[in-house]
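Text of input.cif, listed as mmCIF, C-alpha atoms:
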data_work
#
loop_
_atom_site.group_PDB
_atom_site.id
_atom_site.type_symbol
_atom_site.label_atom_id
_atom_site.label_comp_id
_atom_site.auth_asym_id
_atom_site.auth_seq_id
_atom_site.Cartn_x
_atom_site.Cartn_y
_atom_site.Cartn_z
ATOM 1 C CA MET A 180 19.215 85.172 86.099
ATOM 2 C CA VAL A 181 16.988 82.124 86.279
ATOM 3 C CA GLY A 182 17.406 80.095 89.430
ATOM 4 C CA ARG A 183 15.964 76.751 90.453
ATOM 5 C CA CYS A 184 14.985 75.521 93.879
ATOM 6 C CA PRO A 185 12.218 72.914 93.577
ATOM 7 C CA PHE A 186 11.794 72.272 97.292
ATOM 8 C CA LEU A 187 11.450 75.947 98.164
ATOM 9 C CA LEU A 188 9.080 76.519 95.242
ATOM 10 C CA THR A 189 6.870 73.669 96.432
ATOM 11 C CA GLN A 190 6.772 75.056 99.951
ATOM 12 C CA TRP A 191 6.078 78.538 98.672
ATOM 13 C CA LEU A 192 3.109 77.425 96.541
ATOM 14 C CA VAL A 193 1.573 75.499 99.424
ATOM 15 C CA ALA A 194 2.045 78.406 101.830
ATOM 16 C CA ARG A 195 0.730 81.017 99.397
ATOM 17 C CA SER A 196 -2.306 79.008 98.271
ATOM 18 C CA GLY A 197 -4.163 79.832 101.450
ATOM 19 C CA SER A 198 -3.572 83.566 101.187
ATOM 20 C CA ARG A 199 -3.762 84.289 97.463
ATOM 21 C CA ARG A 200 -7.340 85.507 97.321
ATOM 22 C CA GLY A 201 -7.573 89.246 96.996
ATOM 23 C CA THR A 202 -3.865 89.909 96.414
ATOM 24 C CA LEU A 203 -4.015 89.794 92.602
ATOM 25 C CA GLY A 204 -6.856 92.275 92.292
ATOM 26 C CA ASN A 205 -8.729 92.833 89.048
ATOM 27 C CA CYS A 206 -7.244 91.904 85.703
ATOM 28 C CA GLY A 207 -8.012 95.028 83.731
ATOM 29 C CA ALA A 208 -11.620 95.955 84.454
ATOM 30 C CA MET A 209 -12.638 92.354 85.144
ATOM 31 C CA ALA A 210 -13.037 90.875 88.600
ATOM 32 C CA LEU A 211 -11.863 87.279 88.414
ATOM 33 C CA PRO A 212 -13.591 84.315 90.027
ATOM 34 C CA ALA A 213 -11.842 83.579 93.332
ATOM 35 C CA LEU A 214 -10.406 80.274 92.115
ATOM 36 C CA VAL A 215 -8.993 81.858 88.960
ATOM 37 C CA GLU A 216 -7.504 84.673 91.027
ATOM 38 C CA GLU A 217 -5.763 82.174 93.289
ATOM 39 C CA VAL A 218 -4.247 80.125 90.501
ATOM 40 C CA VAL A 219 -3.173 83.074 88.351
ATOM 41 C CA GLY A 220 -1.721 84.933 91.307
ATOM 42 C CA ALA A 221 0.258 81.898 92.448
ATOM 43 C CA TYR A 222 1.522 81.316 88.919
ATOM 44 C CA LEU A 223 2.736 84.889 88.450
ATOM 45 C CA GLU A 224 4.470 85.085 91.801
ATOM 46 C CA ALA A 225 6.090 81.665 91.385
ATOM 47 C CA VAL A 226 7.519 82.529 87.968
ATOM 48 C CA ASP A 227 8.675 85.934 89.188
ATOM 49 C CA ALA A 228 10.376 84.358 92.187
ATOM 50 C CA GLU A 229 12.384 81.971 90.023
ATOM 51 C CA ALA A 230 12.796 83.945 86.785
ATOM 52 C CA ALA A 231 12.303 87.626 87.466
ATOM 53 C CA GLY A 232 11.483 89.574 84.334
ATOM 54 C CA LEU A 233 10.699 86.536 82.194
ATOM 55 C CA LEU A 234 6.958 87.139 81.898
ATOM 56 C CA GLU A 235 6.142 90.538 80.413
ATOM 57 C CA GLY A 236 2.526 89.820 79.557
ATOM 58 C CA LEU A 237 -0.230 87.463 80.689
ATOM 59 C CA TYR A 238 -3.620 87.430 79.011
ATOM 60 C CA LEU A 239 -6.516 85.213 80.038
ATOM 61 C CA VAL A 240 -8.661 83.873 77.211
ATOM 62 C CA GLY A 241 -11.278 81.119 76.915
ATOM 63 C CA SER A 242 -14.235 80.850 79.269
ATOM 64 C CA VAL A 243 -12.750 83.230 81.850
ATOM 65 C CA ALA A 244 -12.399 86.032 79.309
ATOM 66 C CA LEU A 245 -15.826 85.283 77.827
ATOM 67 C CA GLY A 246 -17.476 85.431 81.256
ATOM 68 C CA VAL A 247 -18.721 81.829 81.425
ATOM 69 C CA PHE A 248 -16.119 80.107 83.600
ATOM 70 C CA ARG A 249 -17.357 76.852 85.167
ATOM 71 C CA PRO A 250 -15.075 75.804 88.044
ATOM 72 C CA HIS A 251 -15.582 72.040 87.645
ATOM 73 C CA THR A 252 -15.319 71.719 83.855
ATOM 74 C CA SER A 253 -13.643 74.870 82.494
ATOM 75 C CA ASP A 254 -9.927 75.398 82.070
ATOM 76 C CA ILE A 255 -8.058 78.591 82.895
ATOM 77 C CA ASP A 256 -6.714 79.438 79.450
ATOM 78 C CA PHE A 257 -3.857 81.893 78.983
ATOM 79 C CA VAL A 258 -1.396 83.426 76.564
ATOM 80 C CA ALA A 259 1.890 84.367 78.239
ATOM 81 C CA VAL A 260 4.232 86.808 76.521
ATOM 82 C CA THR A 261 8.008 87.016 76.818
ATOM 83 C CA ALA A 262 10.529 89.365 75.205
ATOM 84 C CA THR A 263 12.439 86.480 73.602
ATOM 85 C CA ARG A 264 12.055 82.740 73.399
ATOM 86 C CA PRO A 265 12.585 81.131 76.829
ATOM 87 C CA ASP A 266 16.020 79.527 77.066
ATOM 88 C CA THR A 267 16.746 76.115 78.546
ATOM 89 C CA ALA A 268 16.914 77.390 82.112
ATOM 90 C CA ALA A 269 13.682 79.370 81.762
ATOM 91 C CA LEU A 270 11.897 76.354 80.273
ATOM 92 C CA ALA A 271 12.996 74.288 83.268
ATOM 93 C CA VAL A 272 11.529 76.869 85.640
ATOM 94 C CA LEU A 273 8.244 76.982 83.722
ATOM 95 C CA GLU A 274 8.015 73.196 83.849
ATOM 96 C CA GLN A 275 8.540 73.259 87.626
ATOM 97 C CA VAL A 276 5.925 75.949 88.128
ATOM 98 C CA HIS A 277 3.298 74.192 86.003
ATOM 99 C CA THR A 278 3.989 70.848 87.675
ATOM 100 C CA ARG A 279 3.507 72.299 91.137
ATOM 101 C CA LEU A 280 0.434 74.252 90.129
ATOM 102 C CA ARG A 281 -1.131 71.045 88.852
ATOM 103 C CA LYS A 282 -0.316 69.231 92.082
ATOM 104 C CA ARG A 283 -1.853 72.028 94.130
ATOM 105 C CA TRP A 284 -4.842 72.538 91.804
ATOM 106 C CA PRO A 285 -5.515 69.370 89.746
ATOM 107 C CA ARG A 286 -8.488 71.170 88.218
ATOM 108 C CA PRO A 287 -9.098 73.501 86.576
ATOM 109 C CA PHE A 288 -6.190 73.020 84.209
ATOM 110 C CA PHE A 289 -4.006 76.092 83.734
ATOM 111 C CA ASP A 290 -3.482 75.768 79.987
ATOM 112 C CA GLY A 291 -2.017 78.024 77.351
ATOM 113 C CA CYS A 292 0.980 78.973 75.270
ATOM 114 C CA TYR A 293 4.078 81.162 75.418
ATOM 115 C CA LEU A 294 4.618 83.703 72.640
ATOM 116 C CA THR A 295 6.956 86.651 72.156
ATOM 117 C CA TRP A 296 5.664 90.159 71.497
ATOM 118 C CA GLY A 297 6.943 89.805 67.952
ATOM 119 C CA GLU A 298 5.002 86.585 67.384
ATOM 120 C CA LEU A 299 1.887 88.166 68.851
ATOM 121 C CA GLY A 300 2.151 90.898 66.237
ATOM 122 C CA GLN A 301 3.106 88.677 63.299
ATOM 123 C CA GLY A 302 0.531 85.908 63.649
ATOM 124 C CA PRO A 303 0.550 82.106 63.523
ATOM 125 C CA ALA A 304 2.120 81.840 60.080
ATOM 126 C CA GLN A 305 5.284 83.496 61.399
ATOM 127 C CA ALA A 306 5.268 81.919 64.858
ATOM 128 C CA ARG A 307 7.354 78.886 65.603
ATOM 129 C CA PRO A 308 5.921 75.962 67.612
ATOM 130 C CA ALA A 309 5.528 77.380 71.095
ATOM 131 C CA PRO A 310 6.073 76.075 74.629
ATOM 132 C CA HIS A 311 2.667 75.315 76.044
ATOM 133 C CA SER A 312 0.675 73.698 78.812
ATOM 134 C CA HIS A 313 -2.016 71.126 78.015
ATOM 135 C CA ASP A 314 -4.176 69.467 80.668
ATOM 136 C CA GLY A 315 -1.859 71.065 83.215
ATOM 137 C CA HIS A 316 1.280 69.444 81.773
ATOM 138 C CA PHE A 317 4.011 71.748 80.483
ATOM 139 C CA HIS A 318 5.616 70.963 77.123
ATOM 140 C CA ALA A 319 8.788 72.799 76.206
ATOM 141 C CA HIS A 320 8.365 71.902 72.552
ATOM 142 C CA SER A 321 5.410 71.557 70.219
ATOM 143 C CA THR A 322 4.904 70.219 66.720
ATOM 144 C CA SER A 323 2.855 73.201 65.545
ATOM 145 C CA ALA A 324 2.171 76.856 66.313
ATOM 146 C CA PRO A 325 -1.078 77.895 68.037
ATOM 147 C CA ASP A 326 -4.063 78.412 65.741
ATOM 148 C CA PRO A 327 -5.518 81.785 64.614
ATOM 149 C CA VAL A 328 -8.249 81.606 67.266
ATOM 150 C CA THR A 329 -5.555 82.270 69.902
ATOM 151 C CA TRP A 330 -4.581 85.600 68.359
ATOM 152 C CA HIS A 331 -8.134 86.728 67.681
ATOM 153 C CA THR A 332 -9.275 85.820 71.191
ATOM 154 C CA VAL A 333 -6.449 87.790 72.800
ATOM 155 C CA ALA A 334 -7.118 90.764 70.536
ATOM 156 C CA ARG A 335 -10.872 90.864 71.102
ATOM 157 C CA HIS A 336 -11.448 89.324 74.509
ATOM 158 C CA GLY A 337 -8.092 88.952 76.272
ATOM 159 C CA VAL A 338 -8.020 89.886 79.953
ATOM 160 C CA ALA A 339 -4.700 91.533 80.786
ATOM 161 C CA CYS A 340 -3.333 90.310 84.115
ATOM 162 C CA ARG A 341 0.094 91.623 83.165
ATOM 163 C CA GLY A 342 1.028 93.919 80.318
ATOM 164 C CA ALA A 343 -0.907 96.551 78.402
ATOM 165 C CA ALA A 344 -4.552 96.120 77.462
ATOM 166 C CA PRO A 345 -4.968 94.191 74.199
ATOM 167 C CA THR A 346 -6.251 97.318 72.461
ATOM 168 C CA LYS A 347 -2.859 98.933 73.081
ATOM 169 C CA VAL A 348 -0.785 95.967 71.887
ATOM 170 C CA ASP A 349 0.148 95.066 68.317
ATOM 171 C CA ILE A 350 -1.782 91.806 67.881
ATOM 172 C CA TRP A 351 -2.181 90.109 64.517
ATOM 173 C CA ALA A 352 -5.738 89.650 63.270
ATOM 174 C CA ASP A 353 -6.854 88.456 59.838
ATOM 175 C CA PRO A 354 -10.571 87.627 59.465
ATOM 176 C CA GLN A 355 -10.014 85.762 56.188
ATOM 177 C CA ALA A 356 -7.291 83.584 57.694
ATOM 178 C CA LEU A 357 -9.528 82.895 60.707
ATOM 179 C CA ALA A 358 -12.422 81.861 58.452
ATOM 180 C CA ALA A 359 -10.176 79.620 56.352
ATOM 181 C CA TRP A 360 -8.847 77.945 59.479
ATOM 182 C CA ALA A 361 -12.370 77.444 60.884
ATOM 183 C CA LEU A 362 -13.644 75.801 57.699
ATOM 184 C CA GLY A 363 -10.536 73.676 57.431
ATOM 185 C CA ASN A 364 -10.796 72.552 61.037
ATOM 186 C CA LEU A 365 -14.337 71.321 60.447
ATOM 187 C CA ASP A 366 -12.846 68.873 57.939
ATOM 188 C CA SER A 367 -9.406 68.106 59.364
ATOM 189 C CA TYR A 368 -10.571 67.544 62.950
ATOM 190 C CA TRP A 369 -14.332 67.312 63.267
ATOM 191 C CA ARG A 370 -15.136 65.337 60.124
ATOM 192 C CA ARG A 371 -12.434 62.800 60.987
ATOM 193 C CA LEU A 372 -13.724 62.574 64.554
ATOM 194 C CA LEU A 373 -17.309 61.996 63.418
ATOM 195 C CA ASP A 374 -16.230 59.394 60.875
ATOM 196 C CA GLY A 375 -14.322 57.537 63.576
ATOM 197 C CA ALA A 376 -17.206 57.846 66.029
ATOM 198 C CA SER A 377 -19.641 56.318 63.529
ATOM 199 C CA GLN A 378 -18.315 52.925 64.653
ATOM 200 C CA LEU A 379 -19.856 52.428 68.078
ATOM 201 C CA HIS A 380 -17.070 50.203 69.408
ATOM 202 C CA SER A 381 -14.319 52.623 68.427
ATOM 203 C CA ARG A 382 -12.715 54.944 70.983
ATOM 204 C CA TRP A 383 -14.750 57.938 69.918
ATOM 205 C CA GLY A 384 -17.799 55.818 69.187
ATOM 206 C CA LEU A 385 -17.974 54.843 72.862
ATOM 207 C CA ALA A 386 -17.018 58.345 73.961
ATOM 208 C CA THR A 387 -20.020 59.821 72.167
ATOM 209 C CA LEU A 388 -22.266 57.988 74.608
ATOM 210 C CA THR A 389 -21.072 60.346 77.363
ATOM 211 C CA PRO A 390 -22.391 63.760 78.383
ATOM 212 C CA TYR A 391 -18.922 65.255 77.912
ATOM 213 C CA ALA A 392 -18.801 64.286 74.240
ATOM 214 C CA THR A 393 -22.272 65.735 73.714
ATOM 215 C CA VAL A 394 -20.990 69.139 74.782
ATOM 216 C CA TRP A 395 -17.678 68.719 72.959
ATOM 217 C CA VAL A 396 -19.216 67.869 69.582
ATOM 218 C CA VAL A 397 -22.370 70.005 69.587
ATOM 219 C CA THR A 398 -20.697 73.175 70.804
ATOM 220 C CA GLY A 399 -17.422 72.478 68.997
ATOM 221 C CA VAL A 400 -18.870 72.462 65.491
ATOM 222 C CA SER A 401 -21.318 75.249 66.378
ATOM 223 C CA ARG A 402 -18.497 77.535 67.524
ATOM 224 C CA LEU A 403 -16.785 77.215 64.156
ATOM 225 C CA HIS A 404 -20.050 77.790 62.299
ATOM 226 C CA TYR A 405 -20.556 80.898 64.431
ATOM 227 C CA THR A 406 -17.077 82.162 63.569
ATOM 228 C CA LEU A 407 -17.722 81.640 59.866
ATOM 229 C CA ALA A 408 -21.055 83.459 60.124
ATOM 230 C CA THR A 409 -19.914 86.405 62.245
ATOM 231 C CA GLY A 410 -16.117 86.568 62.216
ATOM 232 C CA GLU A 411 -16.242 86.494 66.022
ATOM 233 C CA ILE A 412 -15.271 84.046 68.771
ATOM 234 C CA THR A 413 -17.788 82.571 71.209
ATOM 235 C CA SER A 414 -17.879 80.222 74.190
ATOM 236 C CA LYS A 415 -19.359 76.741 74.396
ATOM 237 C CA GLU A 416 -22.512 78.172 75.935
ATOM 238 C CA GLY A 417 -22.626 80.942 73.370
ATOM 239 C CA ALA A 418 -22.346 78.298 70.649
ATOM 240 C CA GLY A 419 -25.258 76.367 72.132
ATOM 241 C CA GLY A 420 -27.412 79.478 72.061
ATOM 242 C CA TYR A 421 -26.302 80.164 68.503
ATOM 243 C CA ALA A 422 -27.321 76.643 67.469
ATOM 244 C CA LEU A 423 -30.813 77.207 68.870
ATOM 245 C CA ALA A 424 -31.135 80.499 67.011
ATOM 246 C CA THR A 425 -29.652 79.273 63.716
ATOM 247 C CA PHE A 426 -30.586 75.677 62.992
ATOM 248 C CA PRO A 427 -34.056 74.167 62.405
ATOM 249 C CA GLN A 428 -36.290 72.900 65.196
ATOM 250 C CA ARG A 429 -35.189 69.340 64.429
ATOM 251 C CA TRP A 430 -31.865 70.090 66.165
ATOM 252 C CA HIS A 431 -33.059 72.044 69.181
ATOM 253 C CA ARG A 432 -33.289 69.094 71.545
ATOM 254 C CA VAL A 433 -29.639 68.119 71.133
ATOM 255 C CA ALA A 434 -28.578 71.774 71.422
ATOM 256 C CA ARG A 435 -30.578 72.176 74.633
ATOM 257 C CA GLU A 436 -29.100 68.922 75.920
ATOM 258 C CA ALA A 437 -25.572 70.217 75.350
ATOM 259 C CA LEU A 438 -26.421 73.453 77.166
ATOM 260 C CA ARG A 439 -28.024 71.537 80.039
ATOM 261 C CA ILE A 440 -24.893 69.437 80.509
ATOM 262 C CA ARG A 441 -22.515 72.375 80.192
ATOM 263 C CA ARG A 442 -24.405 74.490 82.704
ATOM 264 C CA GLY A 443 -24.584 71.558 85.091
ATOM 265 C CA ASP A 444 -20.774 71.800 85.326
ATOM 266 C CA ARG A 445 -20.185 68.109 86.092
ATOM 267 C CA ALA A 446 -19.379 66.302 82.845
ATOM 268 C CA GLY A 447 -15.622 65.879 82.569
ATOM 269 C CA PRO A 448 -13.488 63.964 80.059
ATOM 270 C CA GLY A 449 -12.081 61.444 82.547
ATOM 271 C CA VAL A 450 -12.997 57.775 82.686
ATOM 272 C CA ALA A 451 -14.548 58.039 86.152
ATOM 273 C CA SER A 452 -16.721 60.946 85.083
ATOM 274 C CA ALA A 453 -17.799 59.126 81.926
ATOM 275 C CA VAL A 454 -18.716 55.903 83.758
ATOM 276 C CA THR A 455 -20.628 57.747 86.466
ATOM 277 C CA ALA A 456 -22.551 59.787 83.935
ATOM 278 C CA ARG A 457 -23.253 56.731 81.778
ATOM 279 C CA VAL A 458 -24.755 54.759 84.652
ATOM 280 C CA GLY A 459 -26.608 57.732 86.092
ATOM 281 C CA GLU A 460 -28.241 58.751 82.837
ATOM 282 C CA THR A 461 -29.176 55.183 81.960
ATOM 283 C CA LEU A 462 -31.130 54.899 85.199
ATOM 284 C CA ARG A 463 -32.892 58.272 84.975
ATOM 285 C CA LEU A 464 -36.223 58.928 83.353
ATOM 286 C CA ARG A 465 -36.479 61.684 80.774
ATOM 287 C CA GLY A 466 -37.674 65.065 82.016
ATOM 288 C CA GLY A 467 -37.385 66.711 85.392
ATOM 289 C CA GLY A 468 -34.950 69.293 86.641
ATOM 290 C CA GLY A 469 -31.421 68.760 85.396
ATOM 291 C CA ARG A 470 -32.152 65.411 83.793
ATOM 292 C CA SER A 471 -31.373 64.271 80.287
ATOM 293 C CA LEU A 472 -33.717 65.210 77.464
ATOM 294 C CA TYR A 473 -33.117 61.716 76.007
ATOM 295 C CA TRP A 474 -34.336 58.330 77.157
ATOM 296 C CA THR A 475 -30.992 56.660 76.451
ATOM 297 C CA PRO A 476 -27.393 57.645 75.655
ATOM 298 C CA LEU A 477 -27.714 55.765 72.345
ATOM 299 C CA ALA A 478 -30.590 57.993 71.239
ATOM 300 C CA ARG A 479 -28.613 61.081 72.219
ATOM 301 C CA ARG A 480 -25.523 59.785 70.435
ATOM 302 C CA ARG A 481 -27.457 59.437 67.174
ATOM 303 C CA ASP A 482 -28.514 63.065 67.343
ATOM 304 C CA VAL A 483 -25.038 64.269 68.323
ATOM 305 C CA LEU A 484 -23.435 62.589 65.304
ATOM 306 C CA ALA A 485 -26.183 63.689 62.941
ATOM 307 C CA PHE A 486 -25.971 67.258 64.246
ATOM 308 C CA GLY A 487 -22.223 67.383 63.726
ATOM 309 C CA ASP A 488 -22.591 66.138 60.165
ATOM 310 C CA MET A 489 -25.338 68.666 59.428
ATOM 311 C CA VAL A 490 -23.317 71.615 60.729
ATOM 312 C CA ILE A 491 -20.244 70.727 58.663
ATOM 313 C CA ILE A 492 -22.287 70.356 55.478
ATOM 314 C CA ASP A 493 -24.177 73.574 56.176
ATOM 315 C CA ALA A 494 -20.958 75.513 56.825
ATOM 316 C CA HIS A 495 -19.516 74.466 53.472
ATOM 317 C CA ARG A 496 -22.778 75.243 51.707
ATOM 318 C CA ARG A 497 -23.070 78.715 53.194
ATOM 319 C CA TYR A 498 -19.477 79.838 53.504
ATOM 320 C CA GLY A 499 -17.282 77.582 51.378
ATOM 321 C CA ASP A 500 -17.258 79.820 48.301
ATOM 322 C CA ARG A 501 -16.664 82.964 50.330
ATOM 323 C CA VAL A 502 -13.718 81.458 52.186
ATOM 324 C CA ALA A 503 -12.247 80.206 48.923
ATOM 325 C CA GLY A 504 -12.578 83.687 47.431
ATOM 326 C CA ARG A 505 -15.225 82.658 44.927
ATOM 327 C CA SER A 506 -18.468 84.516 44.215
ATOM 328 C CA ASP A 507 -21.448 84.232 41.904
ATOM 329 C CA ASP A 508 -20.623 87.550 40.216
#
Starting from the file, lay out its structure as structure tokens.
Amino acid sequence: MVGRCPFLLTQWLVARSGSRRGTLGNCGAMALPALVEEVVGAYLEAVDAEAAGLLEGLYLVGSVALGVFRPHTSDIDFVAVTATRPDTAALAVLEQVHTRLRKRWPRPFFDGCYLTWGELGQGPAQARPAPHSHDGHFHAHSTSAPDPVTWHTVARHGVACRGAAPTKVDIWADPQALAAWALGNLDSYWRRLLDGASQLHSRWGLATLTPYATVWVVTGVSRLHYTLATGEITSKEGAGGYALATFPQRWHRVAREALRIRRGDRAGPGVASAVTARVGETLRLRGGGGRSLYWTPLARRRDVLAFGDMVIIDAHRRYGDRVAGRSDD
């Protein structure tokens, strides 16, 4: 039975936060970063304390699973698995747990979705909109199911903190569906974003002056290009390396800039982070350790937008016919 005791749960999380390290152990064969271990361990024990038996599987994905977790700018991404859809009482418990986790650890966000074993095996086309956490906030309802990347990442890279290893679980995977989604996302999300950002005084136009947006755009479109080229999933840093290896020299500076910012682990999406970075990079000279490869944010912004446009066009040129099932034969 699911019980609720918000005050006791709050006290428990605070008390346990100082002693979590080392009690979770390895997730599969992977030793977790200490911060990830703390958050995941507290999450599992809190849910178990309030809704024993609810969580049958927990798989870490994203930067943790790909081995490039950055404590200041990465999220802790997860896919949680239940036997059946959480009922009203279970959803209330999950909301309490996520709320208290976010209060205890404002960053990194503990973000992910809740699927059943059946949905994990059937894929996104059969899955209903799932309960999920975004930016640390729990949402009992969603307007859409998770995308195919979720399933493929669990299947190929998921770190099992509870439940069988992904190789022993029935997990849907369809390379053609993944490729179709990747090409479609370049148009439905990234092309619209770039078109909006072309106006400097728009929301995204101003955002593209920031270091965070440099990483978001350059690695975002490159990750999808990588998936179309290889059928695999990669991290932001992996995407930056792929861009350097794949695209002409003309684009190497902006790719190196995105990698520099990502590895610096300081550029966040918040207003304070954006303002600080904007002022700091305006005052710095180009060159030197850890400093921008551009004289001004405006110069960098031009390359970021042009790079995004180039990658989308190139992806359609190289892979559009294949994804559509057309050939020259």
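Nearest to A:Ala230 of all the residues A:Val272, A:Trp395, A:Trp474, A:Ser242 is A:Val272, based on only C-alpha atoms.
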Q) Counting only C-alpha atoms, which of A:Asp482, A:Glu298, A:Glu217, A:Asp353 gets nearest to A:Gly410? A) A:Asp353
Q) Looking at all atoms listed in the file, which of A:Gly236, A:Gly419, A:Gly241, A:Gly499 is the one that sits closest to A:Ala358? A)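 So, comparing all the options, the nearest one is A:Gly499.
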Q. Expressed in Å to a single decimal, how great is the separation between atom CA of A:Gly375 and atom CA of A:Val394?
A. 17.5 Å
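Checking A:Val502, A:Ala418, A:Leu403, A:Cys292 one by one against A:Val247, counting all atoms listed in the file, you find the shortest gap at A:Ala418.
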Q.
Just want the 7 Å neighbourhood of A:Gly315, counted on all atoms listed in the file, with same-chain residues fewer than 2 positions away dropped. Output as a list in words.
A.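 The residues that qualify are His277, Arg281, Phe288, Phe289, Asp290, Ser312, His313 and Phe317 of chain A.
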Quick one: which residues end up in the PyMOL selection byres ((chain A and resi 501) around 12) for this structure, as a PDB file with C-alpha atoms, in the coordinates of the input?
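Wrote result.pdb, looks like this:
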ATOM      1  CA  PRO A 354     -10.571  87.627  59.465  1.00  0.00           C
ATOM      2  CA  GLN A 355     -10.014  85.762  56.188  1.00  0.00           C
ATOM      3  CA  ALA A 356      -7.291  83.584  57.694  1.00  0.00           C
ATOM      4  CA  ALA A 358     -12.422  81.861  58.452  1.00  0.00           C
ATOM      5  CA  ALA A 359     -10.176  79.620  56.352  1.00  0.00           C
ATOM      6  CA  LEU A 362     -13.644  75.801  57.699  1.00  0.00           C
ATOM      7  CA  LEU A 407     -17.722  81.640  59.866  1.00  0.00           C
ATOM      8  CA  ALA A 408     -21.055  83.459  60.124  1.00  0.00           C
ATOM      9  CA  ALA A 494     -20.958  75.513  56.825  1.00  0.00           C
ATOM     10  CA  HIS A 495     -19.516  74.466  53.472  1.00  0.00           C
ATOM     11  CA  ARG A 496     -22.778  75.243  51.707  1.00  0.00           C
ATOM     12  CA  ARG A 497     -23.070  78.715  53.194  1.00  0.00           C
ATOM     13  CA  TYR A 498     -19.477  79.838  53.504  1.00  0.00           C
ATOM     14  CA  GLY A 499     -17.282  77.582  51.378  1.00  0.00           C
ATOM     15  CA  ASP A 500     -17.258  79.820  48.301  1.00  0.00           C
ATOM     16  CA  VAL A 502     -13.718  81.458  52.186  1.00  0.00           C
ATOM     17  CA  ALA A 503     -12.247  80.206  48.923  1.00  0.00           C
ATOM     18  CA  GLY A 504     -12.578  83.687  47.431  1.00  0.00           C
ATOM     19  CA  ARG A 505     -15.225  82.658  44.927  1.00  0.00           C
ATOM     20  CA  SER A 506     -18.468  84.516  44.215  1.00  0.00           C
ATOM     21  CA  ASP A 507     -21.448  84.232  41.904  1.00  0.00           C
ATOM     22  CA  ASP A 508     -20.623  87.550  40.216  1.00  0.00           C
TER      23      ASP A 508
END
Q: Please return, as a PyMOL selection string, all polymer residues that have at least one atom within 7 Å of the point (2.5, 93.3, 79.8); use all atoms listed in the file and the file's own coordinate frame.
A: chain A and resi 235-237+341-343
(Q) Going by the chain IDs and residue numbers used in this file, which residues fall under the PyMOL selection byres ((chain A and resi 285) around 12)? Write them as a ChimeraX atom specification. (A) /A:218,250-252,254-255,277-284,286-290,314-316
Include C-alpha atoms and write out the residues we just selected as a PDB file, keeping the file's coordinate frame.
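The file below, part_32.pdb, is the result:
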ATOM      1  CA  VAL A 218      -4.247  80.125  90.501  1.00  0.00           C
ATOM      2  CA  PRO A 250     -15.075  75.804  88.044  1.00  0.00           C
ATOM      3  CA  HIS A 251     -15.582  72.040  87.645  1.00  0.00           C
ATOM      4  CA  THR A 252     -15.319  71.719  83.855  1.00  0.00           C
ATOM      5  CA  ASP A 254      -9.927  75.398  82.070  1.00  0.00           C
ATOM      6  CA  ILE A 255      -8.058  78.591  82.895  1.00  0.00           C
ATOM      7  CA  HIS A 277       3.298  74.192  86.003  1.00  0.00           C
ATOM      8  CA  THR A 278       3.989  70.848  87.675  1.00  0.00           C
ATOM      9  CA  ARG A 279       3.507  72.299  91.137  1.00  0.00           C
ATOM     10  CA  LEU A 280       0.434  74.252  90.129  1.00  0.00           C
ATOM     11  CA  ARG A 281      -1.131  71.045  88.852  1.00  0.00           C
ATOM     12  CA  LYS A 282      -0.316  69.231  92.082  1.00  0.00           C
ATOM     13  CA  ARG A 283      -1.853  72.028  94.130  1.00  0.00           C
ATOM     14  CA  TRP A 284      -4.842  72.538  91.804  1.00  0.00           C
ATOM     15  CA  ARG A 286      -8.488  71.170  88.218  1.00  0.00           C
ATOM     16  CA  PRO A 287      -9.098  73.501  86.576  1.00  0.00           C
ATOM     17  CA  PHE A 288      -6.190  73.020  84.209  1.00  0.00           C
ATOM     18  CA  PHE A 289      -4.006  76.092  83.734  1.00  0.00           C
ATOM     19  CA  ASP A 290      -3.482  75.768  79.987  1.00  0.00           C
ATOM     20  CA  ASP A 314      -4.176  69.467  80.668  1.00  0.00           C
ATOM     21  CA  GLY A 315      -1.859  71.065  83.215  1.00  0.00           C
ATOM     22  CA  HIS A 316       1.280  69.444  81.773  1.00  0.00           C
TER      23      HIS A 316
END
Q | Pairwise distance for atom CA of A:Val260 and atom CA of A:Ala221, rounded to one decimal in Å | A |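 So the two atoms, atom CA of A:Val260 and atom CA of A:Ala221, lie 17.1 Å apart.
Excluding A:Phe486 itself and same-chain residues fewer than 4 positions from it, the residues having an atom within 8 Å of it are Val397, Trp430, Val433, Asp482 and Val490 of chain A, counting only C-alpha atoms.
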